[in-house]
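Source file: input_33.cif. Holds: mmCIF, C-alpha atoms.
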data_work
#
loop_
_atom_site.label_atom_id
_atom_site.label_comp_id
_atom_site.auth_asym_id
_atom_site.auth_seq_id
_atom_site.Cartn_x
_atom_site.Cartn_y
_atom_site.Cartn_z
CA MET S 1382 -22.94 -10.85 6.60
CA THR S 1383 -20.57 -8.14 7.77
CA ASN S 1384 -18.16 -7.88 10.65
CA MET S 1385 -19.05 -5.81 13.68
CA PRO S 1386 -17.19 -2.48 13.76
CA GLY S 1387 -13.71 -3.02 15.14
CA THR S 1388 -13.92 -6.79 14.72
CA ASN S 1389 -11.08 -8.34 12.78
CA LEU S 1390 -12.01 -11.96 12.71
CA SER S 1391 -8.69 -13.23 11.35
CA ASP S 1392 -7.13 -12.17 14.66
CA MET S 1393 -9.88 -13.78 16.66
CA THR S 1394 -10.29 -17.04 18.44
CA VAL S 1395 -13.62 -18.85 18.53
CA VAL S 1396 -14.46 -21.49 21.13
CA THR S 1397 -16.93 -24.14 19.92
CA ASP S 1398 -19.72 -25.57 22.05
CA ALA S 1399 -21.42 -28.97 21.77
CA ASP S 1400 -24.68 -27.66 20.27
CA ALA S 1401 -22.85 -26.27 17.25
CA LEU S 1402 -21.10 -29.61 16.73
CA ILE S 1403 -24.44 -31.41 16.99
CA ALA S 1404 -26.06 -29.02 14.50
CA LEU S 1405 -23.25 -29.69 12.03
CA VAL S 1406 -23.29 -33.48 12.32
CA ASN S 1407 -27.11 -33.83 12.30
CA ASP S 1408 -28.05 -32.74 8.79
CA GLN S 1409 -31.75 -32.88 9.67
CA ASP S 1410 -31.29 -30.30 12.40
CA LEU S 1411 -33.14 -26.99 12.08
CA LEU S 1412 -29.82 -25.25 12.78
CA HIS S 1413 -27.74 -27.36 10.36
CA GLU S 1414 -27.77 -24.98 7.41
CA LYS S 1415 -27.05 -21.99 9.66
CA ALA S 1416 -24.16 -23.85 11.30
CA VAL S 1417 -22.67 -24.73 7.90
CA GLN S 1418 -23.07 -21.14 6.71
CA LEU S 1419 -21.31 -19.80 9.81
CA SER S 1420 -18.55 -22.41 9.46
CA GLN S 1421 -17.91 -21.35 5.88
CA PHE S 1422 -17.67 -17.75 7.00
CA LEU S 1423 -15.25 -18.63 9.80
CA LEU S 1424 -13.10 -20.50 7.27
CA GLU S 1425 -13.22 -17.59 4.84
CA LYS S 1426 -12.09 -15.21 7.58
CA LYS S 1427 -9.39 -17.60 8.86
CA ALA S 1428 -10.75 -17.41 12.39
CA GLN S 1429 -8.93 -19.60 14.89
CA VAL S 1430 -11.58 -22.15 15.82
CA LEU S 1431 -10.87 -24.22 18.92
CA PHE S 1432 -12.67 -27.30 20.26
CA PRO S 1433 -12.87 -27.96 24.01
CA VAL S 1434 -12.43 -31.69 24.63
CA THR S 1435 -15.43 -31.51 26.95
CA ALA S 1436 -17.65 -30.10 24.17
CA VAL S 1437 -16.49 -32.84 21.80
CA MET S 1438 -17.23 -35.53 24.41
CA GLU S 1439 -20.60 -33.98 25.22
CA ALA S 1440 -21.60 -33.82 21.55
CA ALA S 1441 -20.41 -37.39 20.91
CA ALA S 1442 -22.33 -38.76 23.89
CA LYS S 1443 -25.55 -37.02 22.86
CA LEU S 1444 -25.26 -38.00 19.21
CA GLN S 1445 -24.64 -41.60 20.29
CA ARG S 1446 -27.91 -41.57 22.22
CA THR S 1447 -30.09 -39.74 19.75
CA LEU S 1448 -28.99 -40.36 16.16
CA HIS S 1449 -30.57 -43.17 14.20
CA ASN S 1450 -27.01 -44.17 13.31
CA PRO S 1451 -24.88 -43.85 16.47
CA GLU S 1452 -21.77 -44.71 14.46
CA LYS S 1453 -21.72 -41.01 13.54
CA ALA S 1454 -20.66 -40.26 17.12
CA ALA S 1455 -17.61 -42.47 16.66
CA GLN S 1456 -16.84 -40.71 13.37
CA LEU S 1457 -17.03 -37.35 15.14
CA LEU S 1458 -14.48 -38.56 17.71
CA GLU S 1459 -12.24 -40.02 15.01
CA LEU S 1460 -12.25 -36.76 13.08
CA MET S 1461 -11.41 -34.76 16.20
CA PHE S 1462 -8.51 -37.10 17.02
CA GLU S 1463 -7.20 -36.57 13.48
CA GLU S 1464 -7.42 -32.80 14.00
CA GLU S 1465 -6.13 -32.80 17.56
CA LYS S 1466 -4.15 -29.59 17.19
CA TYR S 1467 -7.44 -27.71 17.43
CA LEU S 1468 -8.48 -29.48 20.64
CA ILE S 1469 -8.12 -27.60 23.91
CA GLY S 1470 -7.96 -29.38 27.23
CA VAL S 1471 -9.45 -28.69 30.62
CA ASP S 1472 -7.03 -28.44 33.53
CA THR S 1473 -7.84 -27.80 37.18
CA LEU S 1474 -7.53 -24.03 36.78
CA VAL S 1475 -10.07 -24.01 33.93
CA PHE S 1476 -12.32 -26.30 35.95
CA LYS S 1477 -12.11 -24.07 39.03
CA LYS S 1478 -12.88 -20.97 36.96
CA ALA S 1479 -15.85 -22.78 35.40
CA ARG S 1480 -17.30 -23.32 38.84
CA GLU S 1481 -17.62 -19.54 39.23
CA PHE S 1482 -20.17 -19.50 36.39
CA PHE S 1483 -22.12 -22.52 37.54
CA ASP S 1484 -25.50 -21.67 39.03
CA HIS S 1485 -27.47 -24.85 39.65
CA THR S 1486 -30.45 -22.84 40.92
CA ALA S 1487 -30.94 -20.83 37.70
CA THR S 1488 -31.77 -23.34 34.97
CA LYS S 1489 -31.21 -26.99 34.15
CA ARG S 1490 -30.28 -26.05 30.62
CA ASN S 1491 -26.83 -24.63 31.34
CA THR S 1492 -24.54 -27.24 32.75
CA ILE S 1493 -20.97 -27.32 33.99
CA PHE S 1494 -19.97 -28.18 30.39
CA ASP S 1495 -21.20 -24.74 29.29
CA CYS S 1496 -19.35 -23.16 32.21
CA VAL S 1497 -16.16 -24.84 31.01
CA VAL S 1498 -16.70 -23.22 27.59
CA VAL S 1499 -16.92 -19.82 29.30
CA SER S 1500 -13.82 -20.55 31.34
CA LEU S 1501 -11.89 -21.57 28.21
CA ALA S 1502 -13.03 -18.41 26.42
CA LYS S 1503 -11.50 -16.43 29.29
CA LYS S 1504 -8.30 -18.47 29.13
CA TYR S 1505 -7.94 -17.95 25.38
CA GLN S 1506 -8.94 -14.28 25.69
CA THR S 1507 -11.89 -14.39 23.35
CA LYS S 1508 -15.52 -13.43 23.66
CA ILE S 1509 -16.76 -15.37 20.65
CA ILE S 1510 -18.50 -18.70 21.10
CA PHE S 1511 -19.75 -20.91 18.28
CA SER S 1512 -23.05 -21.89 19.83
CA PHE S 1513 -26.74 -21.07 19.50
CA ASP S 1514 -27.28 -20.85 23.26
CA ASP S 1515 -28.48 -17.41 24.34
CA TRP S 1516 -27.03 -17.97 27.83
CA TYR S 1517 -23.55 -16.91 26.66
CA PRO S 1518 -24.48 -13.33 25.69
CA LYS S 1519 -25.93 -12.92 29.19
CA LEU S 1520 -22.36 -13.39 30.46
CA GLY S 1521 -20.97 -10.74 28.11
CA LEU S 1522 -19.90 -13.19 25.40
CA MET S 1523 -20.94 -13.13 21.73
CA LEU S 1524 -22.35 -15.88 19.55
CA VAL S 1525 -20.80 -16.31 16.10
CA ALA S 1526 -24.24 -15.74 14.56
CA ASP S 1527 -24.42 -12.33 16.26
CA VAL S 1528 -20.92 -11.24 15.33
CA PHE S 1529 -21.47 -11.31 11.56
CA MET E 1231 17.56 -15.20 25.75
CA GLN E 1232 16.13 -12.18 27.53
CA ALA E 1233 14.96 -11.95 31.16
CA THR E 1234 11.24 -11.20 31.64
CA THR E 1235 9.32 -10.55 34.84
CA VAL E 1236 5.84 -12.06 35.19
CA TYR E 1237 3.43 -12.26 38.11
CA LEU E 1238 2.18 -15.76 38.98
CA SER E 1239 -0.63 -16.84 41.27
CA GLU E 1240 0.49 -18.56 44.45
CA GLU E 1241 -1.14 -21.78 43.29
CA LEU E 1242 0.66 -21.75 39.96
CA ARG E 1243 3.99 -20.91 41.61
CA GLN E 1244 3.58 -23.84 43.98
CA LYS E 1245 2.75 -26.19 41.11
CA ILE E 1246 5.88 -25.11 39.24
CA ASN E 1247 8.00 -25.60 42.35
CA LEU E 1248 6.58 -29.07 42.92
CA LEU E 1249 7.06 -30.07 39.30
CA SER E 1250 10.63 -28.78 39.34
CA GLN E 1251 11.46 -30.65 42.54
CA ALA E 1252 9.85 -33.84 41.29
CA SER E 1253 11.40 -33.82 37.83
CA GLY E 1254 14.71 -32.09 38.48
CA VAL E 1255 13.96 -29.73 35.58
CA PRO E 1256 14.74 -26.05 36.33
CA LYS E 1257 11.71 -23.85 36.94
CA ALA E 1258 12.68 -21.47 34.13
CA ARG E 1259 12.67 -24.34 31.63
CA ILE E 1260 9.29 -25.60 32.85
CA ILE E 1261 7.84 -22.11 32.34
CA ARG E 1262 9.46 -21.70 28.90
CA ASP E 1263 8.20 -25.11 27.76
CA ALA E 1264 4.67 -24.35 29.00
CA LEU E 1265 4.64 -21.01 27.18
CA GLU E 1266 5.86 -22.61 23.94
CA LYS E 1267 3.18 -25.27 24.17
CA SER E 1268 0.46 -22.73 24.92
CA ILE E 1269 1.46 -20.51 22.00
CA GLN E 1270 1.41 -23.47 19.64
CA THR E 1271 -2.07 -24.34 20.89
CA THR E 1272 -3.48 -20.85 20.56
CA THR E 1273 -2.07 -20.19 17.10
CA PRO E 1274 -2.68 -23.21 14.88
CA ALA E 1275 -1.10 -23.01 11.43
CA THR E 1276 -4.51 -23.05 9.76
CA SER E 1277 -8.03 -22.27 10.79
CA GLY E 1278 -9.92 -24.99 12.65
CA ALA E 1279 -12.99 -23.93 10.66
CA LYS E 1280 -12.23 -26.58 8.04
CA VAL E 1281 -12.88 -29.15 10.77
CA LEU E 1282 -16.38 -27.71 11.19
CA LEU E 1283 -17.09 -28.27 7.51
CA LYS E 1284 -15.77 -31.82 7.68
CA LEU E 1285 -18.17 -32.46 10.56
CA SER E 1286 -21.06 -31.21 8.45
CA GLN E 1287 -20.32 -33.96 5.92
CA LEU E 1288 -20.88 -36.77 8.43
CA SER E 1289 -24.59 -36.59 7.55
CA GLY E 1290 -26.13 -37.83 10.77
CA LYS E 1291 -29.91 -38.22 10.94
CA GLY E 1292 -31.62 -37.13 14.15
CA PRO E 1293 -34.39 -34.97 15.63
CA ARG E 1294 -34.80 -31.54 14.02
CA ASP E 1295 -34.49 -29.74 17.36
CA LEU E 1296 -31.56 -31.79 18.63
CA ALA E 1297 -29.01 -28.93 18.76
CA GLN E 1298 -31.39 -26.73 20.73
CA ASN E 1299 -32.66 -29.44 23.06
CA HIS E 1300 -29.73 -31.84 23.27
CA ASP E 1301 -29.82 -31.99 27.08
CA LYS E 1302 -33.49 -32.98 27.02
CA TYR E 1303 -32.89 -35.75 24.49
CA ALA E 1304 -29.85 -37.12 26.26
CA TRP E 1305 -30.84 -37.03 29.88
CA ASP E 1306 -34.62 -36.75 30.28
#

Write-out of the structure in structure tokens:
Amino acid sequence: MTNMPGTNLSDMTVVTDADALIALVNDQDLLHEKAVQLSQFLLEKKAQVLFPVTAVMEAAAKLQRTLHNPEKAAQLLELMFEEEKYLIGVDTLVFKKAREFFDHTATKRNTIFDCVVVSLAKKYQTKIIFSFDDWYPKLGLMLVADVF
Amino acid sequence: MQATTVYLSEELRQKINLLSQASGVPKARIIRDALEKSIQTTTPATSGAKVLLKLSQLSGKGPRDLAQNHDKYAWD
């Protein structure tokens, strides 16, 4: 994998979405190996990886409902509390900005949680999202998998 | 300290005024504290990528298409 021209990842911030967290925790997931590979690359490049609290909550709720061992959802939360310096919150300004990206008529797949990820990317002045959702590039953002 | 001019939205300016009035803390200090906190948040000492790798060691067992179809599994 190589960086895109003009991309210096060590100066870059990456905002993580729930699907990437789910892919990492669920080791039977089709995207698990890819997610691990991309995580290793982000670590290697010292990218600043941030975790929206909403994405963490969304991932935990869905893992709780779908994993054979829902205790993994609690472990995800525990780990994120231990690493709270990487958590980013959602205030009313972020929430209001997210509403601008919310189109309930377009698709059921992209929810207000995804819009919050976009809003946070704007706030933290990055275009890179750690997700596998092809909705983000449609908004001018880049997926980690496409950057390298 | 050096003086710096910044443009604020009306909404943000009003929030700072309200917070200052309610707490008795000068507006300049509220702004300085918020900037300090924001800079600490945006520039962690180490990369959060190590957290991603820790997550991958939780070894959950679920559907193979869960990451792609998590909304369907959770809400349908």

Near chain E, 8 Å: chain S residue rows, closest pairs, only C-alpha atoms, as JSON lines:
{"residue": "S:Asp1400", "atom": "CA", "partner": "E:Ala1297", "partner_atom": "CA", "distance": 4.8}
{"residue": "S:Ala1401", "atom": "CA", "partner": "E:Ala1297", "partner_atom": "CA", "distance": 6.9}
{"residue": "S:Leu1402", "atom": "CA", "partner": "E:Leu1285", "partner_atom": "CA", "distance": 7.4}
{"residue": "S:Ile1403", "atom": "CA", "partner": "E:Ala1297", "partner_atom": "CA", "distance": 5.5}
{"residue": "S:Ala1404", "atom": "CA", "partner": "E:Ala1297", "partner_atom": "CA", "distance": 5.2}
{"residue": "S:Leu1405", "atom": "CA", "partner": "E:Ser1286", "partner_atom": "CA", "distance": 4.5}
{"residue": "S:Val1406", "atom": "CA", "partner": "E:Ser1286", "partner_atom": "CA", "distance": 5.0}
{"residue": "S:Asn1407", "atom": "CA", "partner": "E:Gly1290", "partner_atom": "CA", "distance": 4.4}
{"residue": "S:Asp1408", "atom": "CA", "partner": "E:Ser1289", "partner_atom": "CA", "distance": 5.3}
{"residue": "S:Gln1409", "atom": "CA", "partner": "E:Arg1294", "partner_atom": "CA", "distance": 5.5}
{"residue": "S:Asp1410", "atom": "CA", "partner": "E:Arg1294", "partner_atom": "CA", "distance": 4.1}
{"residue": "S:Leu1411", "atom": "CA", "partner": "E:Arg1294", "partner_atom": "CA", "distance": 5.2}
{"residue": "S:Leu1412", "atom": "CA", "partner": "E:Ala1297", "partner_atom": "CA", "distance": 7.1}
{"residue": "S:His1413", "atom": "CA", "partner": "E:Ser1286", "partner_atom": "CA", "distance": 7.9}
{"residue": "S:Val1417", "atom": "CA", "partner": "E:Leu1283", "partner_atom": "CA", "distance": 6.6}
{"residue": "S:Ser1420", "atom": "CA", "partner": "E:Ala1279", "partner_atom": "CA", "distance": 5.9}
{"residue": "S:Gln1421", "atom": "CA", "partner": "E:Leu1283", "partner_atom": "CA", "distance": 7.2}
{"residue": "S:Leu1423", "atom": "CA", "partner": "E:Ala1279", "partner_atom": "CA", "distance": 5.8}
{"residue": "S:Leu1424", "atom": "CA", "partner": "E:Ala1279", "partner_atom": "CA", "distance": 4.8}
{"residue": "S:Lys1427", "atom": "CA", "partner": "E:Ser1277", "partner_atom": "CA", "distance": 5.2}
{"residue": "S:Ala1428", "atom": "CA", "partner": "E:Ser1277", "partner_atom": "CA", "distance": 5.8}
{"residue": "S:Gln1429", "atom": "CA", "partner": "E:Ser1277", "partner_atom": "CA", "distance": 5.0}
{"residue": "S:Val1430", "atom": "CA", "partner": "E:Gly1278", "partner_atom": "CA", "distance": 4.6}
{"residue": "S:Leu1431", "atom": "CA", "partner": "E:Gly1278", "partner_atom": "CA", "distance": 6.4}
{"residue": "S:Lys1443", "atom": "CA", "partner": "E:Ala1304", "partner_atom": "CA", "distance": 5.5}
{"residue": "S:Arg1446", "atom": "CA", "partner": "E:Ala1304", "partner_atom": "CA", "distance": 6.3}
{"residue": "S:Thr1447", "atom": "CA", "partner": "E:Gly1292", "partner_atom": "CA", "distance": 6.4}
{"residue": "S:Leu1448", "atom": "CA", "partner": "E:Gly1292", "partner_atom": "CA", "distance": 4.6}
{"residue": "S:His1449", "atom": "CA", "partner": "E:Lys1291", "partner_atom": "CA", "distance": 6.0}
{"residue": "S:Asn1450", "atom": "CA", "partner": "E:Gly1290", "partner_atom": "CA", "distance": 6.9}
{"residue": "S:Lys1453", "atom": "CA", "partner": "E:Gly1290", "partner_atom": "CA", "distance": 6.1}
{"residue": "S:Gln1456", "atom": "CA", "partner": "E:Leu1288", "partner_atom": "CA", "distance": 7.5}
{"residue": "S:Leu1457", "atom": "CA", "partner": "E:Leu1285", "partner_atom": "CA", "distance": 6.8}
{"residue": "S:Leu1460", "atom": "CA", "partner": "E:Leu1285", "partner_atom": "CA", "distance": 7.7}
{"residue": "S:Met1461", "atom": "CA", "partner": "E:Val1281", "partner_atom": "CA", "distance": 7.9}
{"residue": "S:Glu1464", "atom": "CA", "partner": "E:Val1281", "partner_atom": "CA", "distance": 7.3}
{"residue": "S:Lys1466", "atom": "CA", "partner": "E:Thr1271", "partner_atom": "CA", "distance": 6.8}
{"residue": "S:Tyr1467", "atom": "CA", "partner": "E:Gly1278", "partner_atom": "CA", "distance": 6.0}
{"residue": "S:Ile1469", "atom": "CA", "partner": "E:Thr1271", "partner_atom": "CA", "distance": 7.5}
{"residue": "S:Arg1490", "atom": "CA", "partner": "E:Asp1301", "partner_atom": "CA", "distance": 6.9}
{"residue": "S:Tyr1505", "atom": "CA", "partner": "E:Thr1272", "partner_atom": "CA", "distance": 7.2}
{"residue": "S:Phe1513", "atom": "CA", "partner": "E:Gln1298", "partner_atom": "CA", "distance": 7.4}
{"residue": "S:Asp1514", "atom": "CA", "partner": "E:Gln1298", "partner_atom": "CA", "distance": 7.6}

Review point. Written as an MDAnalysis selection string, what is the full residue list that the PyMOL selection byres ((chain E and resi 1246) around 12) yields on the file shown?
Key: chainID E and resid 1238:1245 1247:1264

Review point. What is the distance, in Å and to one decimal place, between CA of Val1525 (chain S) and CA of Phe1511 (chain S)?
Key: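 The value is 5.2 Å.
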
Exercise for review: Kindly give the distance, in Å, that separates CA of Arg1480 (chain S) and CA of Ser1500 (chain S), rounded to a single decimal.
Suggested key: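 If I compute the distance from CA of Arg1480 (chain S) to CA of Ser1500 (chain S), I get 8.7 Å.
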
Would you compute the box with edges along x, y and z of the file around region 1281-1299 of chain E, including every atom the file lists for it and 6 Å extra on each side, and give its centre and edge lengths in Å to one decimal, as lines of an AutoDock Vina configuration file?
center_x = -23.8
center_y = -32.5
center_z = 14.5
size_x = 33.9
size_y = 23.5
size_z = 29.1

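Across the structure, CA of Ala1454 (chain S) and CA of Thr1397 (chain S) are spaced 16.8 Å apart.
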
Check your understanding: Quick one: which residues end up in the PyMOL selection byres ((chain S and resi 1472) around 12) for this structure, as an MDAnalysis selection string?
Key -> chainID S and resid 1433:1435 1469:1471 1473:1479 1497 1500:1501 1504

Residue members of the PyMOL selection byres ((chain S and resi 1494) around 9) in the file shown, as an mmCIF file with C-alpha atoms, in the coordinates of the input:
data_model
loop_
_atom_site.group_PDB
_atom_site.id
_atom_site.type_symbol
_atom_site.label_atom_id
_atom_site.label_comp_id
_atom_site.auth_asym_id
_atom_site.auth_seq_id
_atom_site.Cartn_x
_atom_site.Cartn_y
_atom_site.Cartn_z
ATOM 1 C CA ASP S 1398 -19.720 -25.570 22.050
ATOM 2 C CA ALA S 1399 -21.420 -28.970 21.770
ATOM 3 C CA THR S 1435 -15.430 -31.510 26.950
ATOM 4 C CA ALA S 1436 -17.650 -30.100 24.170
ATOM 5 C CA GLU S 1439 -20.600 -33.980 25.220
ATOM 6 C CA ALA S 1479 -15.850 -22.780 35.400
ATOM 7 C CA ASN S 1491 -26.830 -24.630 31.340
ATOM 8 C CA THR S 1492 -24.540 -27.240 32.750
ATOM 9 C CA ILE S 1493 -20.970 -27.320 33.990
ATOM 10 C CA ASP S 1495 -21.200 -24.740 29.290
ATOM 11 C CA CYS S 1496 -19.350 -23.160 32.210
ATOM 12 C CA VAL S 1497 -16.160 -24.840 31.010
ATOM 13 C CA VAL S 1498 -16.700 -23.220 27.590
ATOM 14 C CA VAL S 1499 -16.920 -19.820 29.300
#
